[in-house]
file query_14.cif (mmCIF, C-alpha atoms and all ligand atoms)
data_final
#
loop_
_atom_site.label_atom_id
_atom_site.label_comp_id
_atom_site.auth_asym_id
_atom_site.auth_seq_id
_atom_site.Cartn_x
_atom_site.Cartn_y
_atom_site.Cartn_z
CA MET A 1 113.64 136.36 117.60
CA LEU A 2 110.04 135.24 116.98
CA SER A 3 107.14 137.68 116.74
CA PHE A 4 103.92 137.39 118.71
CA TRP A 5 102.20 136.31 115.47
CA GLU A 6 104.72 133.62 114.71
CA LYS A 7 104.47 132.26 118.25
CA GLN A 8 100.68 132.31 118.13
CA THR A 9 100.25 130.85 114.64
CA PHE A 10 103.18 128.58 113.80
CA LEU A 11 104.24 126.77 116.96
CA ASN A 12 101.27 124.75 118.30
CA TYR A 13 99.75 121.64 116.73
CA ASP A 14 97.75 118.52 117.54
CA TYR A 15 100.28 116.26 115.87
CA ILE A 16 103.88 116.69 114.77
CA VAL A 17 105.51 114.22 112.36
CA ILE A 18 109.29 114.14 111.95
CA GLY A 19 110.35 113.16 108.41
CA SER A 20 108.54 113.81 105.13
CA GLY A 21 109.30 110.49 103.44
CA ILE A 22 106.45 108.27 102.28
CA VAL A 23 105.81 107.10 105.86
CA GLY A 24 105.73 110.57 107.42
CA LEU A 25 103.47 111.95 104.68
CA SER A 26 101.22 108.86 104.70
CA THR A 27 100.86 109.17 108.47
CA ALA A 28 99.87 112.82 108.06
CA ALA A 29 97.48 111.85 105.24
CA SER A 30 95.76 109.17 107.34
CA LEU A 31 95.50 111.53 110.32
CA ILE A 32 93.91 114.31 108.29
CA GLU A 33 91.58 111.89 106.49
CA THR A 34 90.27 110.73 109.87
CA ASN A 35 90.19 114.13 111.53
CA LYS A 36 89.81 116.94 108.99
CA LYS A 37 90.26 119.65 111.60
CA ALA A 38 93.50 118.30 113.08
CA LYS A 39 96.43 120.72 113.13
CA ILE A 40 99.37 118.75 111.75
CA LEU A 41 102.98 119.77 111.21
CA VAL A 42 105.56 117.74 109.28
CA LEU A 43 109.19 118.71 109.93
CA GLU A 44 111.75 117.74 107.27
CA ARG A 45 115.48 118.38 107.50
CA GLY A 46 116.03 118.43 103.71
CA LEU A 47 115.07 120.71 100.87
CA PHE A 48 113.11 117.66 99.65
CA PRO A 49 112.50 114.44 101.56
CA THR A 50 116.10 113.24 101.95
CA GLY A 51 116.34 109.54 102.73
CA ALA A 52 114.85 106.86 100.50
CA SER A 53 111.43 108.00 99.35
CA THR A 54 112.64 110.31 96.56
CA LYS A 55 115.62 108.09 95.69
CA ASN A 56 114.07 104.67 95.12
CA ALA A 57 113.55 102.62 91.98
CA GLY A 58 109.76 102.93 91.89
CA PHE A 59 108.95 99.21 91.94
CA ALA A 60 105.38 98.55 93.03
CA CYS A 61 106.22 95.03 94.15
CA PHE A 62 105.62 92.68 97.06
CA GLY A 63 108.26 89.92 96.78
CA SER A 64 109.84 87.69 94.15
CA LEU A 65 109.71 83.87 94.13
CA THR A 66 113.22 83.42 95.55
CA GLU A 67 112.70 86.18 98.13
CA ILE A 68 109.58 84.45 99.43
CA LEU A 69 111.39 81.11 99.54
CA SER A 70 114.24 82.70 101.45
CA ASP A 71 111.78 84.38 103.88
CA LEU A 72 110.14 81.00 104.50
CA GLU A 73 113.46 79.73 105.86
CA LYS A 74 113.36 82.35 108.63
CA MET A 75 109.65 83.07 109.10
CA THR A 76 106.45 81.04 109.48
CA GLU A 77 104.07 80.68 106.52
CA ASN A 78 101.57 83.02 108.17
CA GLN A 79 104.23 85.69 108.79
CA VAL A 80 105.28 85.54 105.13
CA ILE A 81 101.66 85.77 103.92
CA ASP A 82 101.07 88.73 106.28
CA LEU A 83 104.14 90.53 104.93
CA VAL A 84 103.06 90.03 101.31
CA ASN A 85 99.53 91.20 102.17
CA GLU A 86 100.80 94.33 103.96
CA ARG A 87 102.87 95.28 100.91
CA TYR A 88 100.08 94.58 98.45
CA ASN A 89 97.50 96.43 100.57
CA GLY A 90 99.94 99.33 100.95
CA LEU A 91 100.21 99.59 97.17
CA LYS A 92 96.43 99.53 96.80
CA ARG A 93 96.11 102.28 99.41
CA LEU A 94 98.76 104.43 97.67
CA ARG A 95 97.06 104.03 94.27
CA LYS A 96 93.62 104.75 95.68
CA ARG A 97 94.80 107.81 97.60
CA LEU A 98 96.72 109.49 94.80
CA GLY A 99 95.31 107.90 91.64
CA ASP A 100 97.26 105.92 89.04
CA LYS A 101 97.68 108.90 86.73
CA ALA A 102 99.29 111.09 89.39
CA ILE A 103 101.91 108.49 90.27
CA ASP A 104 102.26 107.22 86.67
CA TYR A 105 101.43 103.67 87.75
CA ARG A 106 101.98 101.14 84.98
CA GLN A 107 101.19 97.50 85.51
CA TYR A 108 103.67 96.03 83.06
CA GLY A 109 104.29 93.10 85.40
CA GLY A 110 107.51 92.02 87.08
CA TYR A 111 110.05 89.32 86.28
CA GLU A 112 112.67 87.44 88.23
CA LEU A 113 115.79 86.42 86.31
CA ILE A 114 116.76 82.89 87.31
CA SER A 115 120.38 81.80 86.99
CA GLU A 116 121.65 78.21 87.00
CA LYS A 117 122.10 78.12 90.78
CA GLU A 118 118.52 79.31 91.38
CA LEU A 119 116.85 76.75 89.09
CA PRO A 120 115.77 74.52 92.03
CA ALA A 121 113.49 77.39 93.18
CA LEU A 122 111.24 76.68 90.18
CA GLU A 123 110.21 73.36 91.75
CA GLN A 124 108.48 75.41 94.48
CA LEU A 125 106.51 77.63 92.09
CA ASP A 126 103.17 75.81 92.56
CA THR A 127 103.64 75.59 96.34
CA ILE A 128 104.17 79.37 96.58
CA ASN A 129 101.21 80.07 94.29
CA ASP A 130 99.08 77.88 96.60
CA LEU A 131 100.38 79.76 99.63
CA LEU A 132 99.33 83.12 98.14
CA LYS A 133 96.04 82.05 96.57
CA SER A 134 93.87 83.55 99.33
CA SER A 135 95.42 87.01 98.69
CA PHE A 136 95.38 87.15 94.87
CA LYS A 137 92.88 86.27 92.19
CA GLY A 138 94.85 83.83 90.06
CA LYS A 139 98.41 82.52 90.01
CA VAL A 140 101.02 85.03 91.11
CA TYR A 141 104.09 83.42 89.51
CA GLU A 142 104.40 81.75 86.11
CA LEU A 143 107.26 80.89 83.78
CA LYS A 144 107.81 83.13 80.73
CA ASN A 145 111.10 81.82 79.35
CA LYS A 146 110.43 82.98 75.80
CA LYS A 147 110.86 86.53 77.03
CA ILE A 148 114.59 85.93 77.73
CA ASN A 149 115.17 86.20 74.00
CA ALA A 150 112.53 88.86 73.42
CA PHE A 151 114.07 91.14 76.05
CA GLY A 152 117.56 90.43 74.73
CA PHE A 153 119.12 89.12 77.98
CA ASP A 154 122.31 87.07 78.03
CA LYS A 155 121.12 83.46 77.62
CA GLU A 156 124.28 81.99 79.16
CA SER A 157 123.55 83.68 82.50
CA ILE A 158 119.74 83.67 82.56
CA LYS A 159 118.15 80.23 82.44
CA ALA A 160 114.52 81.09 83.26
CA LEU A 161 112.17 84.04 83.78
CA VAL A 162 109.41 84.03 86.41
CA PHE A 163 106.61 86.46 85.61
CA ASN A 164 104.33 88.18 88.15
CA SER A 165 101.40 89.99 86.51
CA PHE A 166 100.45 91.81 89.75
CA GLU A 167 103.64 93.87 89.84
CA GLY A 168 103.85 97.43 88.49
CA GLN A 169 106.04 100.51 88.41
CA ILE A 170 105.57 104.13 89.40
CA ASP A 171 107.32 107.44 88.84
CA THR A 172 108.87 108.00 92.27
CA GLY A 173 109.19 111.77 91.86
CA LYS A 174 105.59 112.19 90.77
CA MET A 175 104.38 109.97 93.60
CA MET A 176 106.18 111.98 96.28
CA LYS A 177 105.19 115.32 94.79
CA SER A 178 101.55 114.32 94.63
CA LEU A 179 101.64 112.92 98.17
CA LEU A 180 103.05 116.24 99.37
CA ARG A 181 100.35 118.10 97.47
CA TYR A 182 97.68 115.75 98.88
CA VAL A 183 98.52 116.57 102.51
CA GLN A 184 99.15 120.27 101.90
CA GLU A 185 95.80 120.70 100.14
CA ARG A 186 94.17 119.26 103.25
CA GLY A 187 95.83 121.78 105.53
CA VAL A 188 98.90 119.87 106.74
CA GLN A 189 101.85 122.22 107.23
CA VAL A 190 105.14 120.86 105.87
CA LEU A 191 108.29 122.76 106.83
CA ASN A 192 111.58 121.98 105.08
CA HIS A 193 115.13 122.68 106.20
CA CYS A 194 113.96 121.90 109.74
CA GLU A 195 116.33 119.39 111.31
CA VAL A 196 114.93 118.24 114.63
CA SER A 197 117.68 118.15 117.23
CA ASN A 198 115.68 116.70 120.13
CA PHE A 199 112.26 116.53 121.78
CA GLU A 200 110.89 116.26 125.30
CA GLU A 201 107.62 115.76 127.14
CA ILE A 202 106.32 118.89 128.87
CA GLU A 203 103.40 120.05 131.04
CA ASN A 204 103.16 116.83 133.09
CA ASN A 205 103.55 114.66 130.02
CA THR A 206 100.47 116.08 128.32
CA LYS A 207 102.45 117.61 125.45
CA VAL A 208 105.62 117.09 123.45
CA LYS A 209 108.02 119.86 122.51
CA VAL A 210 110.12 119.38 119.39
CA TYR A 211 113.23 121.51 118.85
CA VAL A 212 114.61 122.78 115.54
CA LYS A 213 117.53 125.13 115.07
CA ASN A 214 116.60 128.28 113.16
CA GLN A 215 119.40 128.44 110.60
CA LEU A 216 119.13 132.20 110.21
CA SER A 217 119.28 133.27 113.84
CA ASN A 218 120.90 130.18 115.42
CA GLU A 219 118.17 130.12 118.06
CA LYS A 220 116.30 126.90 118.93
CA ILE A 221 112.62 126.96 118.04
CA GLY A 222 110.28 124.72 120.04
CA PHE A 223 107.14 123.37 118.31
CA SER A 224 104.48 121.83 120.59
CA ALA A 225 101.91 119.12 119.98
CA LYS A 226 99.80 116.63 121.88
CA LYS A 227 101.44 113.74 120.03
CA LEU A 228 104.64 113.15 118.08
CA ILE A 229 105.24 110.54 115.38
CA VAL A 230 108.87 109.86 114.45
CA CYS A 231 109.21 108.70 110.81
CA THR A 232 112.93 109.05 110.23
CA ASN A 233 113.58 105.47 109.02
CA ALA A 234 117.35 104.91 108.59
CA PHE A 235 118.17 108.07 110.57
CA THR A 236 116.32 107.07 113.73
CA SER A 237 119.31 106.16 115.88
CA GLN A 238 119.97 109.90 116.40
CA PHE A 239 116.89 109.77 118.70
CA PHE A 240 116.69 106.08 119.68
CA PRO A 241 120.15 104.51 119.54
CA ASP A 242 118.92 101.23 121.05
CA LEU A 243 116.42 100.38 118.31
CA ASP A 244 117.46 97.57 115.96
CA ILE A 245 118.01 99.67 112.84
CA VAL A 246 120.87 99.26 110.40
CA ALA A 247 121.24 101.84 107.65
CA GLY A 248 121.74 100.33 104.19
CA ARG A 249 122.71 102.36 101.17
CA GLY A 250 121.18 101.64 97.78
CA GLN A 251 122.97 102.87 94.63
CA VAL A 252 121.22 103.43 91.33
CA LEU A 253 122.00 104.49 87.78
CA ILE A 254 119.81 105.40 84.83
CA THR A 255 120.75 105.30 81.14
CA GLU A 256 120.04 107.78 78.41
CA PRO A 257 117.04 106.70 76.26
CA ILE A 258 117.84 103.61 74.16
CA LYS A 259 116.17 103.63 70.75
CA ASP A 260 115.35 99.95 70.40
CA LEU A 261 114.92 99.09 74.06
CA LYS A 262 113.00 95.84 74.27
CA LEU A 263 112.64 95.27 77.99
CA LYS A 264 109.53 96.52 79.72
CA GLY A 265 108.56 95.95 83.33
CA THR A 266 110.32 95.54 86.66
CA PHE A 267 113.07 92.94 87.04
CA HIS A 268 114.64 91.23 90.07
CA PHE A 269 117.90 89.47 89.82
CA ASP A 270 120.43 87.57 91.99
CA GLU A 271 118.12 86.98 94.98
CA GLY A 272 116.88 90.57 94.78
CA TYR A 273 120.33 92.11 95.27
CA TYR A 274 119.94 93.72 91.84
CA TYR A 275 116.85 95.26 90.31
CA PHE A 276 116.18 97.06 87.06
CA ARG A 277 113.24 98.42 85.11
CA ASN A 278 112.44 100.44 82.05
CA TYR A 279 111.55 104.07 82.53
CA GLY A 280 110.19 104.88 79.11
CA LYS A 281 113.12 104.00 76.84
CA ARG A 282 115.67 104.22 79.65
CA VAL A 283 116.95 101.46 81.93
CA LEU A 284 117.18 102.14 85.66
CA LEU A 285 119.43 99.68 87.48
CA GLY A 286 120.26 99.48 91.17
CA GLY A 287 121.57 97.25 93.93
CA GLY A 288 124.87 95.55 94.68
CA ARG A 289 124.90 96.04 98.46
CA ASN A 290 126.07 92.43 98.70
CA LEU A 291 129.38 93.41 97.05
CA ASP A 292 130.44 95.20 100.23
CA PHE A 293 127.90 94.99 103.05
CA GLN A 294 130.23 96.66 105.53
CA ALA A 295 130.78 99.76 103.43
CA GLU A 296 127.13 99.91 102.38
CA ASN A 297 125.80 99.86 105.95
CA THR A 298 126.02 103.61 106.06
CA ASN A 299 123.73 106.62 105.95
CA GLU A 300 126.06 108.62 103.72
CA ILE A 301 124.16 109.54 100.58
CA ASN A 302 126.82 109.04 97.90
CA THR A 303 127.83 106.52 95.23
CA THR A 304 131.02 104.42 95.05
CA ASP A 305 133.10 103.30 92.07
CA LYS A 306 133.04 99.69 93.23
CA ILE A 307 129.26 99.36 93.01
CA MET A 308 128.77 101.65 90.03
CA ASN A 309 131.39 99.76 87.99
CA HIS A 310 129.68 96.47 88.74
CA LEU A 311 126.24 97.84 87.86
CA GLU A 312 127.63 99.00 84.51
CA TYR A 313 129.25 95.60 83.98
CA LEU A 314 125.90 93.82 84.55
CA LEU A 315 124.15 96.27 82.28
CA LYS A 316 126.53 95.55 79.42
CA THR A 317 126.97 91.80 79.87
CA ILE A 318 123.62 90.47 81.08
CA ILE A 319 120.86 93.05 80.67
CA LEU A 320 121.77 94.74 77.38
CA PRO A 321 124.46 92.45 75.89
CA LYS A 322 123.40 93.23 72.33
CA GLN A 323 123.43 96.98 72.78
CA GLU A 324 126.63 98.43 71.42
CA TYR A 325 126.72 101.76 73.13
CA VAL A 326 124.88 102.62 76.35
CA ARG A 327 125.32 106.00 77.98
CA ILE A 328 124.70 106.51 81.69
CA ALA A 329 122.67 109.67 82.25
CA HIS A 330 122.74 109.87 86.03
CA ARG A 331 123.78 108.06 89.23
CA TRP A 332 122.57 108.50 92.79
CA ALA A 333 122.12 106.82 96.18
CA GLY A 334 119.51 106.61 98.90
CA ILE A 335 119.40 105.11 102.37
CA MET A 336 117.18 102.27 103.59
CA ALA A 337 116.69 100.83 107.08
CA PHE A 338 117.02 97.15 107.91
CA GLY A 339 116.94 95.05 111.08
CA ALA A 340 117.17 91.48 112.31
CA VAL A 341 113.43 91.04 111.69
CA LYS A 342 111.95 91.89 108.29
CA LYS A 343 109.17 94.01 109.69
CA PRO A 344 108.64 97.72 110.33
CA ILE A 345 108.87 99.01 113.89
CA ILE A 346 105.61 100.73 114.86
CA GLN A 347 105.72 101.25 118.61
CA PHE A 348 105.13 103.79 121.35
CA TYR A 349 108.21 105.22 123.03
CA THR A 350 105.96 107.02 125.53
CA PRO A 351 102.15 107.33 125.33
CA ASN A 352 102.65 110.58 123.38
CA ILE A 353 105.53 109.56 121.13
CA LEU A 354 105.18 106.90 118.44
CA VAL A 355 107.99 105.57 116.25
CA ALA A 356 107.15 104.26 112.73
CA VAL A 357 110.40 103.24 111.03
CA ARG A 358 112.49 100.44 109.38
CA MET A 359 110.84 99.95 106.00
CA GLY A 360 113.54 97.70 104.51
CA GLY A 361 113.69 97.66 100.71
CA MET A 362 109.94 97.89 100.13
CA GLY A 363 108.75 101.11 101.70
CA VAL A 364 106.96 102.25 98.54
CA ALA A 365 104.78 99.18 98.96
CA ILE A 366 104.42 99.16 102.72
CA GLY A 367 104.68 102.90 103.50
CA SER A 368 101.00 103.83 103.12
CA GLN A 369 99.96 100.89 105.27
CA VAL A 370 102.46 101.79 107.99
CA GLY A 371 101.22 105.41 107.93
CA MET A 372 97.66 104.18 108.36
CA GLN A 373 98.63 101.94 111.28
CA ALA A 374 100.65 104.71 112.95
CA SER A 375 97.76 107.16 112.62
CA LYS A 376 95.28 104.60 114.01
CA LEU A 377 97.47 103.89 117.03
CA ILE A 378 98.02 107.55 117.80
CA LEU A 379 94.31 108.39 117.46
CA GLU A 380 93.27 105.48 119.68
CA ASN A 381 95.76 106.29 122.40
C1 LIG B 401 117.98 103.04 95.99
C2 LIG B 401 116.69 102.60 96.60
C3 LIG B 401 115.78 101.87 95.84
C4 LIG B 401 114.57 101.48 96.40
N1 LIG B 401 113.63 100.90 95.60
C5 LIG B 401 112.41 100.61 96.11
C6 LIG B 401 111.40 100.12 95.27
O1 LIG B 401 111.58 100.02 94.07
N2 LIG B 401 110.20 99.78 95.82
C7 LIG B 401 109.98 99.91 97.16
O2 LIG B 401 108.89 99.54 97.64
N3 LIG B 401 110.92 100.44 97.98
C8 LIG B 401 112.11 100.79 97.48
N4 LIG B 401 113.08 101.33 98.29
C9 LIG B 401 112.79 101.48 99.71
C10 LIG B 401 111.89 102.67 99.99
O3 LIG B 401 112.30 103.78 99.22
C11 LIG B 401 111.95 103.01 101.49
O4 LIG B 401 111.64 101.86 102.23
C12 LIG B 401 110.97 104.10 101.86
O5 LIG B 401 111.11 105.22 101.01
C13 LIG B 401 111.19 104.53 103.31
O6 LIG B 401 110.33 105.61 103.56
P1 LIG B 401 110.44 106.40 104.93
O7 LIG B 401 109.46 107.50 104.88
O8 LIG B 401 110.33 105.44 106.07
O9 LIG B 401 111.93 106.93 104.99
P2 LIG B 401 112.65 108.14 104.22
O10 LIG B 401 112.14 108.32 102.87
O11 LIG B 401 114.11 107.91 104.38
O12 LIG B 401 112.19 109.40 105.06
C14 LIG B 401 112.77 109.76 106.30
C15 LIG B 401 112.85 111.27 106.31
O13 LIG B 401 113.24 111.72 107.59
C16 LIG B 401 114.01 112.89 107.41
N5 LIG B 401 114.78 113.13 108.63
C17 LIG B 401 115.74 112.35 109.17
N6 LIG B 401 116.21 112.91 110.32
C18 LIG B 401 115.51 114.07 110.50
C19 LIG B 401 115.55 115.09 111.50
N7 LIG B 401 116.39 115.03 112.55
N8 LIG B 401 114.71 116.15 111.39
C20 LIG B 401 113.84 116.23 110.32
N9 LIG B 401 113.78 115.29 109.35
C21 LIG B 401 114.60 114.22 109.44
C22 LIG B 401 114.87 112.54 106.20
O14 LIG B 401 115.43 113.68 105.60
C23 LIG B 401 113.88 111.80 105.32
O15 LIG B 401 113.26 112.65 104.38
C24 LIG B 401 114.30 101.76 97.77
C25 LIG B 401 115.21 102.47 98.53
C26 LIG B 401 116.40 102.90 97.96
C27 LIG B 401 117.37 103.68 98.78
#
call {"tool": "encode", "arguments": {"input": "query_14.cif", "output": "structure tokens"}}
result
Amino acid sequence: MLSFWEKQTFLNYDYIVIGSGIVGLSTAASLIETNKKAKILVLERGLFPTGASTKNAGFACFGSLTEILSDLEKMTENQVIDLVNERYNGLKRLRKRLGDKAIDYRQYGGYELISEKELPALEQLDTINDLLKSSFKGKVYELKNKKINAFGFDKESIKALVFNSFEGQIDTGKMMKSLLRYVQERGVQVLNHCEVSNFEEIENNTKVKVYVKNQLSNEKIGFSAKKLIVCTNAFTSQFFPDLDIVAGRGQVLITEPIKDLKLKGTFHFDEGYYYFRNYGKRVLLGGGRNLDFQAENTNEINTTDKIMNHLEYLLKTIILPKQEYVRIAHRWAGIMAFGAVKKPIIQFYTPNILVAVRMGGMGVAIGSQVGMQASKLILEN
């Protein structure tokens, strides 16, 4: 049973956001930056954000050479350039908002490992650099084959290395914690353990009521706002089953520190299906959805032996073949959202309810930009 004070103070807002991942928090951040007096509530079902934003690999990237070539087979040149620009602008917005120190941003650069079958992609290197020259000062991609030896990769499997100096890495945990702090310091209320069950328009469609079950009393609590923004990414079909969203699990492992670790930077491998980076003296490695797409199209947040065994195999044979003993410190999984089109969905469901979801595998890059666009749309409407 709620008190008069609780009803008066905690239930009514200008804007409610569902989901405290990078998109939900960036939307709240953009809203409060534009309107300092706005009353904003973020409702999160988990103890922490519990989808992808606290689970990812922390690549501050915008696309590898082979990914861009593959996108060009399905999209126009302008669409591909727009996508790269959105990601790069999103990263700039994130860094400007929180500061490089707070997110531990390190611009070590990124590399793509090229195997025998991908060698023809190198013939397109200049074409892709030309395509991106209006967005970046200088060439984006260049060959750095000497690094294959320097990093200690298996030379039989890796035939070339494509370097991208614009790519960096962040500490995912620090980024999310500082984004949370950023909105809370500006007066945004974030409530955890609040799983939204449903919402409805009320008072002649001038308001939205959002329902959460109070876990202590079992009663449904209704929060009201003028506008609602749904930022639940891979978990959106609970509210909008018809949207084109397919959940895709990503599994990750991280090693114990390795004394003589030589590799430094972010690395893409096998058309982007695998990715690894250094985190200090550790190696973080993830991917492998292509080993079993059917099983990995799930929103269950757990790891499987099949993928973990293969990640360990790659670690020992290709990434650290000269390392005698590598201990895995931790393994985890997170859930992404994909669709037929490689683009976020930012659209009104009703004039008071906006959906901002489907970040694919690059929400760290694109999330701040999507939050800004969602906030702009909701403020203009
Ligand atoms: C393993 C892995 C590695 C990745 N690596 C990178 C990378 O290196 N670089 C990069 O750019 N991107 C990466 N990504 C992708 C990136 O993390 C995501 O695109 C991004 O975090 C999506 O953010 P989001 O806010 O849209 O979704 P989420 O972070 O999933 O947030 C959605 C939130 O909604 C909440 N929610 C759901 N339902 C409800 C409900 N009913 N009530 C209340 N709350 C609810 C969830 O708990 C969740 O916290 C990776 C993803 C994974 C899984």
call {"tool": "axis_aligned_box", "arguments": {"input": "query_14.cif", "around": "ligand LIG 401 (chain B)", "padding_each_side": "5 Å", "output": "lines of an AutoDock Vina configuration file"}}
result
center_x = 113.4
center_y = 107.9
center_z = 103.3
size_x = 19.1
size_y = 26.7
size_z = 28.5
call {"tool": "residues_around", "arguments": {"input": "query_14.cif", "residues": "stretch 210-213 of chain A", "least_positions_apart": "4", "cutoff": "9 Å", "atoms": "only C-alpha atoms", "output": "list of chain:residue names"}}
result
A:Ile16, A:Leu43, A:Cys194, A:Glu195, A:Val196, A:Ser197, A:Asn198, A:Phe199, A:Glu200, A:Glu201, A:Ser217, A:Asn218, A:Glu219, A:Lys220, A:Ile221, A:Gly222, A:Phe223, A:Ser224, A:Ala225, A:Leu228
call {"tool": "residues_near_ligand", "arguments": {"input": "query_14.cif", "ligand": "ligand LIG 401 (chain B)", "cutoff": "7 Å", "atoms": "all atoms listed in the file", "output": "JSON, numbers by chain"}}
result
{"A": [18, 19, 20, 21, 22, 23, 24, 43, 44, 45, 46, 48, 49, 50, 51, 52, 53, 54, 55, 56, 57, 58, 59, 60, 61, 194, 195, 196, 197, 231, 232, 233, 234, 235, 236, 249, 250, 251, 252, 286, 333, 334, 335, 336, 357, 358, 359, 360, 361, 362, 363, 364, 365, 366, 367]}
call {"tool": "closest_atom_pairs", "arguments": {"input": "query_14.cif", "of": "stretch 25-68 of chain A", "to": "stretch 341-347 of chain A", "cutoff": "12 Å", "atoms": "only C-alpha atoms", "output": "tab-separated table"}}
result
residue	atom	partner	partner_atom	distance
A:Thr27	CA	A:Ile346	CA	11.6
A:Glu67	CA	A:Lys342	CA	11.7
A:Ile68	CA	A:Lys342	CA	11.8
call {"tool": "write_last_selection", "arguments": {"input": "query_14.cif", "atoms": "C-alpha atoms", "output": "PDB file, in the frame of the given file"}}
result
ATOM      1  CA  THR A  27     100.860 109.170 108.470  1.00  0.00           C
ATOM      2  CA  GLU A  67     112.700  86.180  98.130  1.00  0.00           C
ATOM      3  CA  ILE A  68     109.580  84.450  99.430  1.00  0.00           C
TER       4      ILE A  68
END
call {"tool": "residues_around", "arguments": {"input": "query_14.cif", "residues": "A:Ala329", "least_positions_apart": "4", "cutoff": "7 Å", "atoms": "all atoms listed in the file", "output": "PyMOL selection string"}}
result
chain A and resi 254-256
call {"tool": "atom_distance", "arguments": {"input": "query_14.cif", "atom1": "atom CA of A:Ile258", "atom2": "atom CA of A:Leu320"}}
result
10.2 Å
call {"tool": "closest_atom_pairs", "arguments": {"input": "query_14.cif", "of": "stretch 239-306 of chain A", "to": "stretch 157-178 of chain A", "cutoff": "9 Å", "atoms": "only C-alpha atoms", "output": "tab-separated table"}}
result
residue	atom	partner	partner_atom	distance
A:Gly265	CA	A:Gly168	CA	7.1
A:Thr266	CA	A:Gln169	CA	6.8
A:Arg277	CA	A:Gln169	CA	8.2
A:Tyr279	CA	A:Asp171	CA	8.3
call {"tool": "write_last_selection", "arguments": {"input": "query_14.cif", "atoms": "C-alpha atoms", "output": "PDB file, in the coordinates of the input"}}
result
ATOM      1  CA  GLY A 265     108.560  95.950  83.330  1.00  0.00           C
ATOM      2  CA  THR A 266     110.320  95.540  86.660  1.00  0.00           C
ATOM      3  CA  ARG A 277     113.240  98.420  85.110  1.00  0.00           C
ATOM      4  CA  TYR A 279     111.550 104.070  82.530  1.00  0.00           C
TER       5      TYR A 279
END
call {"tool": "closest_residue", "arguments": {"input": "query_14.cif", "among": "A:His193, A:Lys226, A:Lys137, A:Lys322", "to": "A:Asp260", "atoms": "all atoms listed in the file"}}
result
A:Lys322
call {"tool": "residues_around", "arguments": {"input": "query_14.cif", "residues": "A:Arg87", "least_positions_apart": "3", "cutoff": "7 Å", "atoms": "only C-alpha atoms", "output": "list in words"}}
result
Phe62, Leu83, Val84, Gly90, Leu91, Ala365 and Ile366 of chain A
call {"tool": "closest_residue", "arguments": {"input": "query_14.cif", "among": "A:Val355, A:Asn89, A:Lys259, A:Pro241", "to": "A:Tyr325", "atoms": "only C-alpha atoms"}}
result
A:Lys259
call {"tool": "atom_distance", "arguments": {"input": "query_14.cif", "atom1": "atom CA of A:Ala340", "atom2": "atom CA of A:Tyr273"}}
result
17.3 Å
call {"tool": "atom_distance", "arguments": {"input": "query_14.cif", "atom1": "atom CA of A:Ala337", "atom2": "atom CA of A:Phe267"}}
result
21.8 Å
call {"tool": "closest_residue", "arguments": {"input": "query_14.cif", "among": "A:Asp100, A:Glu6, A:Glu203, A:Glu33", "to": "A:Leu379", "atoms": "all atoms listed in the file"}}
result
A:Glu33
call {"tool": "closest_atom_pairs", "arguments": {"input": "query_14.cif", "of": "stretch 146-257 of chain A", "to": "stretch 291-299 of chain A", "cutoff": "7 Å", "atoms": "all atoms listed in the file", "output": "CSV"}}
result
residue,atom,partner,partner_atom,distance
A:Val246,CA,A:Asn297,CA,6.7
A:Ala247,CA,A:Asn297,CA,5.3
A:Gly248,CA,A:Asn297,CA,4.4
A:Arg249,CA,A:Glu296,CA,5.2
call {"tool": "closest_residue", "arguments": {"input": "query_14.cif", "among": "A:Leu47, A:Met308, A:Leu98, A:Val17", "to": "A:Ala356", "atoms": "only C-alpha atoms"}}
result
A:Val17
call {"tool": "residues_around", "arguments": {"input": "query_14.cif", "residues": "A:Ile318", "least_positions_apart": "5", "cutoff": "10 Å", "atoms": "all atoms listed in the file", "output": "PDB file with C-alpha atoms, keeping the file's coordinate frame"}}
result
ATOM      1  CA  GLY A 152     117.560  90.430  74.730  1.00  0.00           C
ATOM      2  CA  PHE A 153     119.120  89.120  77.980  1.00  0.00           C
ATOM      3  CA  ASP A 154     122.310  87.070  78.030  1.00  0.00           C
ATOM      4  CA  LYS A 155     121.120  83.460  77.620  1.00  0.00           C
ATOM      5  CA  GLU A 156     124.280  81.990  79.160  1.00  0.00           C
ATOM      6  CA  SER A 157     123.550  83.680  82.500  1.00  0.00           C
ATOM      7  CA  ILE A 158     119.740  83.670  82.560  1.00  0.00           C
ATOM      8  CA  TYR A 313     129.250  95.600  83.980  1.00  0.00           C
TER       9      TYR A 313
END
